[in-house]
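One file, protein-v3.txt, carrying compact mmCIF, C-alpha atoms:
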```txt
# COMPACT_ATOMS: atom_id res chain seq x y z
CA MET A 4 -64.69 -6.77 43.96
CA LEU A 5 -64.06 -8.22 47.39
CA SER A 6 -63.18 -5.86 50.23
CA LYS A 7 -63.26 -8.43 53.01
CA ILE A 8 -62.30 -12.06 52.92
CA GLU A 9 -64.59 -14.62 54.52
CA PHE A 10 -63.47 -18.17 55.14
CA LYS A 11 -63.60 -20.97 57.69
CA VAL A 12 -60.73 -22.02 59.88
CA ASN A 13 -61.15 -25.31 61.74
CA GLY A 14 -64.91 -25.01 61.27
CA ARG A 15 -65.22 -21.43 62.56
CA ASN A 16 -66.27 -18.49 60.39
CA THR A 17 -63.47 -15.97 59.98
CA VAL A 18 -63.49 -12.52 58.39
CA PHE A 19 -60.31 -10.72 57.35
CA SER A 20 -60.28 -7.13 56.13
CA GLY A 21 -56.60 -6.10 55.91
CA ASN A 22 -53.99 -6.37 53.15
CA PRO A 23 -55.12 -9.25 50.89
CA LEU A 24 -51.47 -10.17 50.26
CA THR A 25 -51.00 -11.02 53.95
CA ARG A 26 -49.72 -14.57 54.02
CA LEU A 27 -52.21 -17.14 55.24
CA ILE A 28 -49.62 -18.43 57.74
CA ASP A 29 -49.46 -15.00 59.41
CA VAL A 30 -53.24 -14.80 59.72
CA LEU A 31 -53.32 -18.30 61.23
CA ARG A 32 -50.43 -17.78 63.64
CA GLU A 33 -50.66 -14.10 64.56
CA ASP A 34 -54.35 -13.27 64.29
CA LEU A 35 -55.85 -16.64 65.21
CA GLY A 36 -53.10 -17.96 67.52
CA LEU A 37 -52.80 -21.26 65.67
CA THR A 38 -49.09 -21.68 66.34
CA GLY A 39 -49.08 -25.36 65.40
CA VAL A 40 -48.56 -24.00 61.89
CA LYS A 41 -44.77 -23.62 61.66
CA GLU A 42 -42.70 -21.43 59.39
CA GLY A 43 -39.59 -23.08 58.00
CA CYS A 44 -38.43 -21.81 54.63
CA GLY A 45 -41.19 -19.33 53.86
CA GLU A 46 -41.02 -20.39 50.21
CA GLY A 47 -43.32 -23.40 50.01
CA GLU A 48 -40.42 -25.85 49.89
CA CYS A 49 -40.23 -27.38 53.38
CA GLY A 50 -43.85 -28.18 54.26
CA ALA A 51 -43.70 -27.04 57.92
CA CYS A 52 -46.61 -24.64 57.32
CA SER A 53 -48.81 -27.24 55.57
CA VAL A 54 -52.55 -26.89 56.11
CA ILE A 55 -55.54 -28.38 54.36
CA LYS A 56 -57.51 -26.03 52.10
CA ASP A 57 -60.76 -27.38 50.67
CA GLY A 58 -59.53 -30.94 51.24
CA LYS A 59 -56.13 -30.39 49.61
CA LEU A 60 -52.70 -30.04 51.21
CA VAL A 61 -51.20 -26.57 50.65
CA THR A 62 -48.31 -24.53 52.09
CA SER A 63 -49.77 -21.56 53.97
CA CYS A 64 -46.59 -19.44 53.71
CA ILE A 65 -47.07 -18.70 50.01
CA ILE A 66 -50.85 -18.34 49.89
CA PRO A 67 -52.14 -14.78 50.17
CA VAL A 68 -55.19 -14.58 52.41
CA GLY A 69 -56.98 -12.91 49.49
CA ALA A 70 -56.96 -16.29 47.74
CA VAL A 71 -58.90 -18.18 50.42
CA ASN A 72 -62.25 -16.38 50.24
CA GLY A 73 -64.97 -19.05 50.61
CA SER A 74 -62.43 -21.75 51.50
CA GLU A 75 -62.35 -24.16 54.42
CA ILE A 76 -58.97 -24.34 56.10
CA TYR A 77 -57.88 -26.97 58.60
CA THR A 78 -54.73 -26.71 60.69
CA ILE A 79 -53.21 -29.28 63.04
CA GLU A 80 -55.32 -27.74 65.84
CA GLY A 81 -58.48 -28.51 63.88
CA ILE A 82 -57.76 -32.17 63.26
CA ARG A 83 -55.89 -33.33 66.36
CA ASP A 84 -59.02 -34.15 68.36
CA THR A 85 -60.84 -35.90 65.51
CA GLU A 86 -60.72 -39.70 65.27
CA LYS A 87 -58.33 -39.49 62.31
CA GLY A 88 -56.19 -36.93 64.10
CA LYS A 89 -55.96 -39.03 67.27
CA CYS A 90 -55.03 -42.07 65.20
CA LEU A 91 -52.15 -40.13 63.59
CA VAL A 92 -50.95 -38.62 66.87
CA GLU A 93 -50.94 -42.04 68.59
CA SER A 94 -49.21 -43.71 65.65
CA PHE A 95 -46.52 -41.01 65.44
CA ALA A 96 -45.86 -41.43 69.20
CA GLU A 97 -45.89 -45.22 69.08
CA GLY A 98 -43.70 -45.34 65.97
CA GLY A 99 -41.13 -42.92 67.36
CA ALA A 100 -41.62 -40.54 64.44
CA VAL A 101 -40.84 -37.38 66.39
CA GLN A 102 -37.48 -35.96 67.36
CA CYS A 103 -37.32 -32.15 67.53
CA GLY A 104 -40.91 -31.96 66.37
CA PHE A 105 -40.78 -28.81 64.25
CA CYS A 106 -41.78 -30.55 61.01
CA ILE A 107 -44.35 -32.79 62.66
CA PRO A 108 -47.52 -30.63 62.38
CA GLY A 109 -46.83 -30.37 58.63
CA MET A 110 -46.01 -34.08 58.41
CA VAL A 111 -49.27 -34.96 60.18
CA MET A 112 -51.25 -32.73 57.80
CA ALA A 113 -49.52 -34.36 54.81
CA ALA A 114 -50.26 -37.82 56.24
CA TYR A 115 -53.86 -36.80 56.88
CA ALA A 116 -54.27 -35.60 53.28
CA LEU A 117 -52.59 -38.75 51.94
CA LEU A 118 -54.60 -41.28 53.94
CA SER A 119 -57.86 -39.43 53.27
CA GLU A 120 -57.23 -39.91 49.53
CA ASN A 121 -55.44 -43.24 49.67
CA PRO A 122 -56.29 -45.32 52.79
CA HIS A 123 -53.86 -48.14 51.92
CA PRO A 124 -50.72 -46.53 50.53
CA THR A 125 -47.54 -48.43 49.68
CA ASP A 126 -44.32 -47.21 51.32
CA GLU A 127 -43.44 -45.56 48.00
CA GLU A 128 -46.78 -43.72 48.01
CA ILE A 129 -46.21 -42.62 51.62
CA ARG A 130 -42.79 -41.23 50.67
CA LYS A 131 -44.38 -39.41 47.75
CA GLY A 132 -47.13 -38.08 50.04
CA ILE A 133 -44.58 -36.48 52.39
CA SER A 134 -42.07 -35.58 49.65
CA GLY A 135 -42.76 -31.88 50.20
CA ASN A 136 -42.13 -32.09 53.96
CA ILE A 137 -38.54 -31.79 55.07
CA CYS A 138 -37.33 -33.31 58.37
CA ARG A 139 -33.76 -32.62 59.50
CA CYS A 140 -33.75 -35.10 62.40
CA THR A 141 -35.25 -38.47 61.67
CA GLY A 142 -34.10 -39.61 58.26
CA TYR A 143 -37.79 -40.20 57.51
CA ASP A 144 -37.89 -43.98 58.01
CA LEU A 145 -39.72 -43.83 61.36
CA ILE A 146 -42.15 -41.24 59.97
CA VAL A 147 -42.95 -43.51 57.02
CA ALA A 148 -43.37 -46.47 59.41
CA SER A 149 -45.66 -44.40 61.65
CA ILE A 150 -47.89 -43.40 58.72
CA ARG A 151 -48.07 -47.08 57.73
CA LEU A 152 -49.06 -47.82 61.36
CA ALA A 153 -51.78 -45.15 61.19
CA ALA A 154 -53.11 -46.68 57.97
CA ASP A 155 -53.17 -50.17 59.53
CA LYS A 156 -54.56 -49.09 62.92
CA GLY A 157 -57.09 -46.68 61.44
CA GLY A 158 -58.53 -49.22 59.00
CA ASP A 159 -62.06 -48.14 58.09
CA LEU A 160 -61.44 -44.71 59.58
CA TRP A 161 -59.61 -43.70 56.39
CA ALA A 162 -61.83 -45.50 53.88
CA MET B 12 -46.11 -0.66 46.28
CA GLY B 13 -49.17 -1.14 44.10
CA MET B 14 -52.80 -1.76 45.00
CA THR B 15 -54.15 -5.29 45.37
CA TYR B 16 -57.53 -6.19 43.91
CA ILE B 17 -59.72 -9.28 44.22
CA PRO B 18 -62.06 -9.35 41.21
CA SER B 19 -65.06 -11.67 41.57
CA ALA B 20 -65.76 -12.20 37.86
CA LEU B 21 -63.65 -12.40 34.70
CA SER B 22 -65.33 -9.28 33.24
CA GLU B 23 -64.30 -7.33 36.34
CA ALA B 24 -60.76 -8.70 36.13
CA LEU B 25 -60.47 -7.61 32.48
CA GLN B 26 -61.67 -4.09 33.34
CA LEU B 27 -59.11 -3.90 36.14
CA ARG B 28 -56.41 -5.23 33.87
CA ALA B 29 -57.20 -2.62 31.20
CA GLY B 30 -57.67 0.20 33.72
CA THR B 31 -54.82 -0.38 36.17
CA GLY B 32 -52.47 -2.87 34.48
CA ALA B 33 -52.76 -5.05 37.61
CA ARG B 34 -50.87 -8.30 37.12
CA PRO B 35 -52.66 -11.57 37.82
CA LEU B 36 -51.69 -13.67 40.86
CA ALA B 37 -53.23 -17.15 40.93
CA GLY B 38 -51.52 -19.91 42.94
CA GLY B 39 -48.79 -17.57 44.13
CA THR B 40 -46.14 -20.30 44.07
CA ASP B 41 -43.77 -18.16 41.99
CA MET B 42 -44.94 -14.59 42.74
CA MET B 43 -45.27 -14.92 46.52
CA VAL B 44 -41.72 -16.27 46.67
CA GLN B 45 -40.35 -13.58 44.33
CA ALA B 46 -41.90 -10.81 46.49
CA LYS B 47 -41.15 -12.44 49.86
CA ARG B 48 -40.10 -10.08 52.66
CA GLY B 49 -39.84 -12.46 55.61
CA ILE B 50 -41.68 -13.77 58.66
CA GLY B 51 -44.80 -11.81 59.55
CA LEU B 52 -44.54 -9.51 56.54
CA ALA B 53 -46.84 -9.43 53.52
CA PRO B 54 -45.07 -9.62 50.17
CA GLU B 55 -44.82 -6.32 48.30
CA PHE B 56 -45.01 -5.88 44.56
CA PRO B 57 -43.79 -2.77 42.75
CA TYR B 58 -46.90 -2.94 40.55
CA PRO B 59 -50.64 -3.44 41.16
CA VAL B 60 -51.75 -7.04 41.56
CA MET B 61 -55.07 -8.83 41.29
CA ILE B 62 -55.75 -12.13 42.98
CA ILE B 63 -57.65 -14.16 40.36
CA SER B 64 -57.75 -17.57 42.07
CA GLY B 65 -61.53 -17.33 42.56
CA LEU B 66 -62.48 -16.80 38.91
CA ASP B 67 -64.56 -19.82 37.87
CA GLU B 68 -64.41 -18.79 34.18
CA LEU B 69 -60.73 -19.80 34.15
CA LYS B 70 -61.21 -23.26 35.71
CA GLY B 71 -61.84 -26.75 34.40
CA ILE B 72 -60.49 -29.25 31.87
CA LYS B 73 -62.74 -30.13 28.91
CA ALA B 74 -62.50 -32.19 25.74
CA ARG B 75 -64.03 -30.71 22.58
CA GLU B 76 -65.78 -32.82 19.96
CA ASP B 77 -62.78 -32.82 17.60
CA GLY B 78 -60.57 -34.23 20.38
CA THR B 79 -58.97 -30.89 21.31
CA VAL B 80 -58.44 -30.59 25.06
CA GLU B 81 -58.98 -27.21 26.71
CA ILE B 82 -57.27 -26.64 30.06
CA GLY B 83 -58.44 -23.59 32.03
CA ALA B 84 -55.62 -21.27 33.12
CA LEU B 85 -56.33 -21.88 36.81
CA SER B 86 -56.03 -25.68 36.55
CA THR B 87 -53.48 -27.02 39.01
CA PRO B 88 -50.75 -29.58 38.26
CA ALA B 89 -52.63 -32.01 40.54
CA GLU B 90 -55.82 -31.63 38.46
CA ILE B 91 -53.87 -31.91 35.20
CA ALA B 92 -51.90 -34.98 36.33
CA ALA B 93 -55.13 -36.71 37.41
CA SER B 94 -57.23 -35.92 34.33
CA PRO B 95 -57.70 -38.76 31.83
CA LEU B 96 -58.49 -36.09 29.20
CA VAL B 97 -54.99 -34.63 29.31
CA PRO B 98 -52.31 -36.10 26.97
CA TRP B 99 -49.64 -38.31 28.55
CA HIS B 100 -46.64 -35.97 28.08
CA VAL B 101 -48.43 -33.13 29.87
CA ARG B 102 -49.66 -35.37 32.69
CA MET B 103 -46.10 -36.61 33.25
CA ALA B 104 -44.75 -33.07 33.45
CA ALA B 105 -47.53 -31.99 35.84
CA ALA B 106 -46.99 -35.03 38.08
CA GLY B 107 -43.28 -34.22 38.38
CA MET B 108 -43.68 -30.60 39.51
CA GLY B 109 -42.61 -29.67 43.05
CA ALA B 110 -44.35 -31.81 45.64
CA VAL B 111 -47.94 -32.48 46.75
CA ALA B 112 -48.76 -29.04 48.19
CA LEU B 113 -47.26 -27.11 45.29
CA ARG B 114 -49.18 -29.28 42.81
CA ASN B 115 -52.38 -28.29 44.64
CA SER B 116 -51.64 -24.54 44.41
CA ALA B 117 -49.68 -23.75 41.24
CA THR B 118 -51.54 -23.13 37.98
CA ILE B 119 -50.85 -23.86 34.32
CA GLY B 120 -51.53 -20.21 33.47
CA GLY B 121 -48.93 -19.13 36.01
CA ASN B 122 -46.37 -21.67 34.83
CA ILE B 123 -46.75 -20.34 31.27
CA GLY B 124 -46.98 -16.66 32.24
CA ASN B 125 -43.87 -16.89 34.42
CA ALA B 126 -42.05 -18.15 31.30
CA SER B 127 -39.10 -19.64 33.16
CA PRO B 128 -36.85 -21.65 30.81
CA LYS B 129 -37.06 -24.35 33.50
CA GLY B 130 -40.87 -24.29 33.72
CA ASP B 131 -42.20 -27.84 33.47
CA LEU B 132 -45.46 -27.46 31.52
CA PRO B 133 -44.47 -25.38 28.46
CA GLN B 134 -42.06 -28.10 27.30
CA PRO B 135 -44.60 -30.89 26.55
CA LEU B 136 -47.22 -28.30 25.51
CA ILE B 137 -44.89 -26.95 22.82
CA LEU B 138 -44.19 -30.54 21.70
CA LEU B 139 -47.96 -30.97 21.23
CA GLU B 140 -48.29 -27.62 19.41
CA ALA B 141 -50.62 -26.23 22.05
CA GLU B 142 -52.20 -22.79 21.71
CA VAL B 143 -53.05 -20.23 24.37
CA ILE B 144 -56.35 -18.38 24.42
CA LEU B 145 -55.80 -14.79 25.51
CA VAL B 146 -58.77 -12.72 26.60
CA SER B 147 -59.26 -8.97 26.97
CA MET B 148 -62.26 -6.63 27.05
CA HIS B 149 -62.09 -6.71 23.22
CA GLY B 150 -62.53 -10.46 23.00
CA GLU B 151 -60.42 -13.56 22.65
CA LYS B 152 -57.49 -14.45 20.45
CA LYS B 153 -55.46 -17.60 19.90
CA MET B 154 -51.72 -17.93 19.60
CA LEU B 155 -49.28 -20.84 19.41
CA LEU B 156 -47.66 -21.26 22.83
CA ASP B 157 -44.27 -21.44 21.09
CA ASP B 158 -44.92 -17.92 19.72
CA PHE B 159 -46.43 -16.63 22.99
CA ILE B 160 -43.31 -17.42 25.05
CA LEU B 161 -40.67 -15.08 23.65
CA GLY B 162 -37.72 -15.94 25.87
CA SER B 163 -36.64 -16.26 29.47
CA LYS B 164 -39.39 -14.60 31.57
CA LYS B 165 -40.79 -12.88 28.47
CA THR B 166 -44.18 -13.44 26.88
CA ALA B 167 -46.32 -11.69 24.29
CA LEU B 168 -49.05 -11.00 26.89
CA ARG B 169 -50.38 -7.47 26.46
CA ASP B 170 -51.13 -5.23 29.45
CA ASP B 171 -54.89 -5.65 28.98
CA GLU B 172 -54.89 -9.42 28.48
CA LEU B 173 -55.15 -12.51 30.66
CA ILE B 174 -54.38 -16.13 29.77
CA LYS B 175 -57.79 -17.83 29.66
CA SER B 176 -56.95 -21.40 28.68
CA ILE B 177 -54.64 -23.73 26.80
CA LEU B 178 -55.76 -25.76 23.77
CA ILE B 179 -54.05 -29.04 22.95
CA PRO B 180 -54.85 -30.43 19.49
CA PRO B 181 -55.54 -34.19 19.20
CA HIS B 182 -52.72 -36.53 18.25
CA SER B 183 -51.95 -40.22 18.21
CA PHE B 184 -48.30 -41.14 18.65
CA THR B 185 -46.80 -44.57 18.10
CA TYR B 186 -43.91 -43.82 20.48
CA SER B 187 -43.67 -41.30 23.33
CA TYR B 188 -40.86 -40.25 25.64
CA TYR B 189 -40.64 -37.85 28.58
CA ARG B 190 -37.82 -37.24 31.01
CA LYS B 191 -37.23 -34.55 33.62
CA ILE B 192 -33.82 -34.49 35.26
CA GLY B 193 -33.67 -32.75 38.66
CA MET B 194 -31.45 -32.94 41.71
CA ARG B 195 -34.10 -34.88 43.67
CA ARG B 196 -37.16 -36.93 42.84
CA ALA B 197 -39.43 -34.27 44.38
CA ASN B 198 -39.24 -30.52 45.00
CA ALA B 199 -36.70 -30.18 42.21
CA ILE B 200 -36.42 -27.58 39.49
CA SER B 201 -35.58 -29.11 36.11
CA LYS B 202 -31.88 -29.29 35.28
CA LEU B 203 -32.86 -30.54 31.86
CA SER B 204 -35.93 -32.08 30.31
CA LEU B 205 -36.94 -33.64 27.03
CA SER B 206 -40.15 -34.78 25.38
CA ALA B 207 -40.21 -36.71 22.15
CA ALA B 208 -42.82 -38.45 20.03
CA ALA B 209 -43.00 -40.35 16.76
CA VAL B 210 -45.69 -41.75 14.49
CA VAL B 211 -44.58 -44.84 12.57
CA LYS B 212 -46.74 -46.34 9.81
CA ASP B 213 -45.65 -49.49 7.98
CA GLY B 214 -42.03 -48.82 8.93
CA GLU B 215 -42.08 -45.17 7.84
CA ILE B 216 -41.60 -42.35 10.38
CA VAL B 217 -44.41 -40.05 9.29
CA ASP B 218 -44.15 -37.67 12.27
CA PHE B 219 -41.27 -36.99 14.61
CA ARG B 220 -40.90 -34.21 17.15
CA ALA B 221 -38.96 -33.31 20.26
CA ALA B 222 -38.91 -30.44 22.76
CA SER B 223 -35.98 -29.51 25.00
CA GLY B 224 -36.61 -27.78 28.36
CA ALA B 225 -33.99 -25.91 30.43
CA ALA B 226 -31.63 -26.03 27.45
CA GLY B 227 -31.91 -22.42 26.31
CA PRO B 228 -33.83 -19.20 27.03
CA LYS B 229 -37.11 -20.96 26.20
CA VAL B 230 -38.35 -24.42 25.24
CA ILE B 231 -36.58 -25.44 22.06
CA ARG B 232 -38.03 -27.30 19.12
CA SER B 233 -36.11 -27.57 15.89
CA HIS B 234 -38.43 -28.18 12.97
CA GLU B 235 -35.36 -28.34 10.71
CA ALA B 236 -33.81 -31.15 12.77
CA GLU B 237 -37.16 -32.96 13.03
CA ALA B 238 -37.49 -32.83 9.24
CA MET B 239 -34.25 -34.83 8.98
CA ILE B 240 -36.04 -37.80 10.58
CA LYS B 241 -39.48 -37.48 9.04
CA GLY B 242 -40.17 -39.48 5.93
CA HIS B 243 -37.38 -41.97 6.61
CA ARG B 244 -37.87 -45.64 7.37
CA THR B 245 -37.02 -46.92 10.85
CA GLU B 246 -34.22 -49.11 9.46
CA GLU B 247 -32.51 -45.93 8.21
CA ILE B 248 -32.22 -44.47 11.73
CA PRO B 249 -28.53 -45.45 12.22
CA ASP B 250 -27.65 -43.60 8.99
CA ILE B 251 -29.45 -40.36 9.86
CA LEU B 252 -28.97 -40.31 13.65
CA ASP B 253 -25.66 -38.42 13.81
CA GLY B 254 -26.80 -35.69 11.43
CA PHE B 255 -30.00 -35.24 13.41
CA LEU B 256 -28.17 -35.10 16.75
CA ALA B 257 -25.75 -32.49 15.39
CA ALA B 258 -28.67 -30.40 14.11
CA TRP B 259 -30.47 -30.61 17.47
CA ASP B 260 -27.26 -29.73 19.28
CA GLY B 261 -27.00 -26.66 17.10
CA ALA B 262 -30.54 -25.62 18.04
CA ILE B 263 -30.19 -25.75 21.83
CA SER B 264 -28.21 -23.10 23.71
CA PRO B 265 -27.68 -24.07 27.37
CA HIS B 266 -25.70 -21.31 29.10
CA ALA B 267 -24.75 -23.16 32.31
CA MET B 268 -23.19 -26.64 32.34
CA PRO B 269 -23.39 -26.73 28.54
CA VAL B 270 -21.30 -29.90 28.13
CA TYR B 271 -23.50 -31.87 30.50
CA ARG B 272 -26.71 -30.54 29.01
CA ARG B 273 -25.60 -31.14 25.42
CA ASN B 274 -24.35 -34.68 26.09
CA THR B 275 -27.41 -35.67 28.09
CA THR B 276 -29.77 -34.27 25.46
CA LYS B 277 -27.96 -36.31 22.79
CA ARG B 278 -28.14 -39.45 24.93
CA MET B 279 -31.88 -39.07 25.51
CA LEU B 280 -32.61 -38.46 21.81
CA SER B 281 -30.37 -41.40 20.79
CA PHE B 282 -32.06 -43.66 23.31
CA PHE B 283 -35.49 -42.78 21.93
CA LEU B 284 -34.55 -43.20 18.27
CA GLU B 285 -32.49 -46.36 18.84
CA SER B 286 -35.41 -47.91 20.74
CA ILE B 287 -37.59 -47.31 17.68
CA PHE B 288 -34.89 -48.76 15.41
CA ASN B 289 -34.60 -51.82 17.67
CA GLY B 290 -38.30 -52.55 17.22
CA SER B 291 -39.59 -51.54 20.65
CA GLU B 292 -43.23 -52.25 21.37
CA PRO B 293 -45.33 -49.18 20.47
CA GLY B 294 -46.08 -47.00 23.50
CA ILE B 295 -43.95 -45.30 26.08
CA ILE B 296 -40.20 -45.59 25.65
CA GLY B 297 -38.09 -45.82 28.80
CA GLY B 298 -40.97 -46.19 31.23
CA GLU B 299 -42.58 -43.56 33.46
CA VAL B 300 -39.63 -42.42 35.55
```

Show the structure stored in the file as structure tokens.
Amino acid sequence: MLSKIEFKVNGRNTVFSGNPLTRLIDVLREDLGLTGVKEGCGEGECGACSVIKDGKLVTSCIIPVGAVNGSEIYTIEGIRDTEKGKCLVESFAEGGAVQCGFCIPGMVMAAYALLSENPHPTDEEIRKGISGNICRCTGYDLIVASIRLAADKGGDLWA
Amino acid sequence: MGMTYIPSALSEALQLRAGTGARPLAGGTDMMVQAKRGIGLAPEFPYPVMIISGLDELKGIKAREDGTVEIGALSTPAEIAASPLVPWHVRMAAAGMGAVALRNSATIGGNIGNASPKGDLPQPLILLEAEVILVSMHGEKKMLLDDFILGSKKTALRDDELIKSILIPPHSFTYSYYRKIGMRRANAISKLSLSAAAVVKDGEIVDFRAASGAAGPKVIRSHEAEAMIKGHRTEEIPDILDGFLAAWDGAISPHAMPVYRRNTTKRMLSFFLESIFNGSEPGIIGGEV
């Protein structure tokens, strides 16, 4: 039986020894200060709290921290200074993808997960890749165009 | 509020289950939402819980020598949708669940154990006559999934048991159909769903089955209605269609929007059977929408 939960966040070893049902988002935001992880719906529907767990996109608001023992978690803070992260940030800025910005960390994580699996997505595949991320400002078209831009600009980066 | 445990092996989980009655939490996509208390607060359950997401004994998708496919209870919709071992109907249902992140977290064991009438995976699994393997400290037992799910949110799971895996027997259909109707193309709970399949040999319909989701307290199959199609020749479909549709309509029991659900179910079944009558190419009827 596990009494403490050990995992990695953005490459750093982390140990948690409180209530295992604590939501991963609260550990990331409150304990680790990673406030790029946003809380929208709190029910895994809106994607604002998206992080990458063991290479897969997940919503951190409905994952209990007790379920991440041994996992590697990446948040927007962990990817933004990587080559892939910079490519996405520049493409989102250049493509005008951002209005209020609240959904954007989750959108970037979804785009990161998508392009890492599928470096040359069609527009339909991009829309599917961000289908769990809700944006109330943009109408999505500029976000889709910006992810296409990141795929084109990044080239071999995503392969 | 109950205790929360994190067993590190299946044997430990089964001891906990027998000793404390702790309920299993895997992906959390249903349970964490049901017990949600708000920003900054951990969910609370009125019963003890064990987080079983780390149990390797419940993971993996394998094909047995006889063609049976075994899907571990902790397999995610993303893994199921991507596995070439998994039958088409089940892959379609898995691919249509929630959106990307949910498909990476939810589990087939949870989708079955939650026993929502709108759950996506039980519907094609019941079409394919899948069985569940239940495990306790006393060993394993098998049960038809259609018998395991008793009704809305009710299963035959005993307090000392866990769902270990799902077994799908081999099959080879001439025609297959799957449709989930939701309010959006992603992140949508089923309003209505239907799977159907037929085996046609030399013009004779030797097997025919269908399964209705979100059209009653649990997934509905009507063996009586199916028997009205089986054994007939495809050219007889126009003569037997109305009787079959009436029998199927009598088997489903949608409580909300019954007119819509009944009409749409009839239209989907008619479309499938008329496509067979019209000599469609063997394979998937109606495309992969």

Can you build me a table of chain B residues sitting at most 6 Å from chain A, with the closest atom pair per residue and its distance in Å to one decimal, using only C-alpha atoms, sorted by chain and residue number, as CSV?
```
residue,atom,partner,partner_atom,distance
B:Ile17,CA,A:Leu5,CA,5.5
B:Pro18,CA,A:Met4,CA,4.6
B:Ser19,CA,A:Met4,CA,5.5
B:Met43,CA,A:Ile65,CA,5.5
B:Val44,CA,A:Glu46,CA,5.5
B:Gly51,CA,A:Asp29,CA,5.6
B:Ala53,CA,A:Thr25,CA,4.5
B:Ser64,CA,A:Ala70,CA,5.9
B:Ala110,CA,A:Gly135,CA,4.8
B:Ala112,CA,A:Val61,CA,4.3
```

(message) So that I can see what lies close to segment 142-146 of chain B, please list as an MDAnalysis selection string the residues with an atom at most 10 Å from it, counting only C-alpha atoms and leaving out residues fewer than 2 positions away in the same chain.
(response) chainID B and resid 21:22 25 81:84 120 123 136:137 139:140 148:159 168:169 171:180

Selected residues, C-alpha atoms, written as a tab-separated table (two decimals), in the coordinates of the input, please.
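In the end it all went to out_28.tsv:
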```
chain	number	residue	atom	x	y	z
B	21	LEU	CA	-63.65	-12.40	34.70
B	22	SER	CA	-65.33	-9.28	33.24
B	25	LEU	CA	-60.47	-7.61	32.48
B	81	GLU	CA	-58.98	-27.21	26.71
B	82	ILE	CA	-57.27	-26.64	30.06
B	83	GLY	CA	-58.44	-23.59	32.03
B	84	ALA	CA	-55.62	-21.27	33.12
B	120	GLY	CA	-51.53	-20.21	33.47
B	123	ILE	CA	-46.75	-20.34	31.27
B	136	LEU	CA	-47.22	-28.30	25.51
B	137	ILE	CA	-44.89	-26.95	22.82
B	139	LEU	CA	-47.96	-30.97	21.23
B	140	GLU	CA	-48.29	-27.62	19.41
B	148	MET	CA	-62.26	-6.63	27.05
B	149	HIS	CA	-62.09	-6.71	23.22
B	150	GLY	CA	-62.53	-10.46	23.00
B	151	GLU	CA	-60.42	-13.56	22.65
B	152	LYS	CA	-57.49	-14.45	20.45
B	153	LYS	CA	-55.46	-17.60	19.90
B	154	MET	CA	-51.72	-17.93	19.60
B	155	LEU	CA	-49.28	-20.84	19.41
B	156	LEU	CA	-47.66	-21.26	22.83
B	157	ASP	CA	-44.27	-21.44	21.09
B	158	ASP	CA	-44.92	-17.92	19.72
B	159	PHE	CA	-46.43	-16.63	22.99
B	168	LEU	CA	-49.05	-11.00	26.89
B	169	ARG	CA	-50.38	-7.47	26.46
B	171	ASP	CA	-54.89	-5.65	28.98
B	172	GLU	CA	-54.89	-9.42	28.48
B	173	LEU	CA	-55.15	-12.51	30.66
B	174	ILE	CA	-54.38	-16.13	29.77
B	175	LYS	CA	-57.79	-17.83	29.66
B	176	SER	CA	-56.95	-21.40	28.68
B	177	ILE	CA	-54.64	-23.73	26.80
B	178	LEU	CA	-55.76	-25.76	23.77
B	179	ILE	CA	-54.05	-29.04	22.95
B	180	PRO	CA	-54.85	-30.43	19.49
```

(message) As an exercise, work out the distance from atom CA of Ser264 of chain B to atom CA of Ala207 of chain B in Å and give it to one decimal place.
(response)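 We find that atom CA of Ser264 of chain B and atom CA of Ala207 of chain B lie 18.2 Å from each other.
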
(request) For Trp259 of chain B, work out the shell of residues within 12 Å, counting only C-alpha atoms and skipping chain neighbours fewer than 5 positions away, then give it as a list in words. (result)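 Residues near the query, excluding close chain neighbours: Leu205, Arg220, Ala221, Ala222, Ser223, Ala226, Ile231, Arg232, Ser233, His234, Glu235, Ala236, Glu237, Ala238, Met239, Ile240, Leu252, Asp253, Gly254, Ser264, Arg273, Asn274, Thr276, Lys277, Arg278, Met279, Leu280 and Ser281 of chain B.
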
Any chance you could export the current selection's C-alpha atoms as a compact mmCIF listing (two decimals), keeping the file's coordinate frame?
```
# COMPACT_ATOMS: atom_id res chain seq x y z
CA LEU B 205 -36.94 -33.64 27.03
CA ARG B 220 -40.90 -34.21 17.15
CA ALA B 221 -38.96 -33.31 20.26
CA ALA B 222 -38.91 -30.44 22.76
CA SER B 223 -35.98 -29.51 25.00
CA ALA B 226 -31.63 -26.03 27.45
CA ILE B 231 -36.58 -25.44 22.06
CA ARG B 232 -38.03 -27.30 19.12
CA SER B 233 -36.11 -27.57 15.89
CA HIS B 234 -38.43 -28.18 12.97
CA GLU B 235 -35.36 -28.34 10.71
CA ALA B 236 -33.81 -31.15 12.77
CA GLU B 237 -37.16 -32.96 13.03
CA ALA B 238 -37.49 -32.83 9.24
CA MET B 239 -34.25 -34.83 8.98
CA ILE B 240 -36.04 -37.80 10.58
CA LEU B 252 -28.97 -40.31 13.65
CA ASP B 253 -25.66 -38.42 13.81
CA GLY B 254 -26.80 -35.69 11.43
CA SER B 264 -28.21 -23.10 23.71
CA ARG B 273 -25.60 -31.14 25.42
CA ASN B 274 -24.35 -34.68 26.09
CA THR B 276 -29.77 -34.27 25.46
CA LYS B 277 -27.96 -36.31 22.79
CA ARG B 278 -28.14 -39.45 24.93
CA MET B 279 -31.88 -39.07 25.51
CA LEU B 280 -32.61 -38.46 21.81
CA SER B 281 -30.37 -41.40 20.79
```
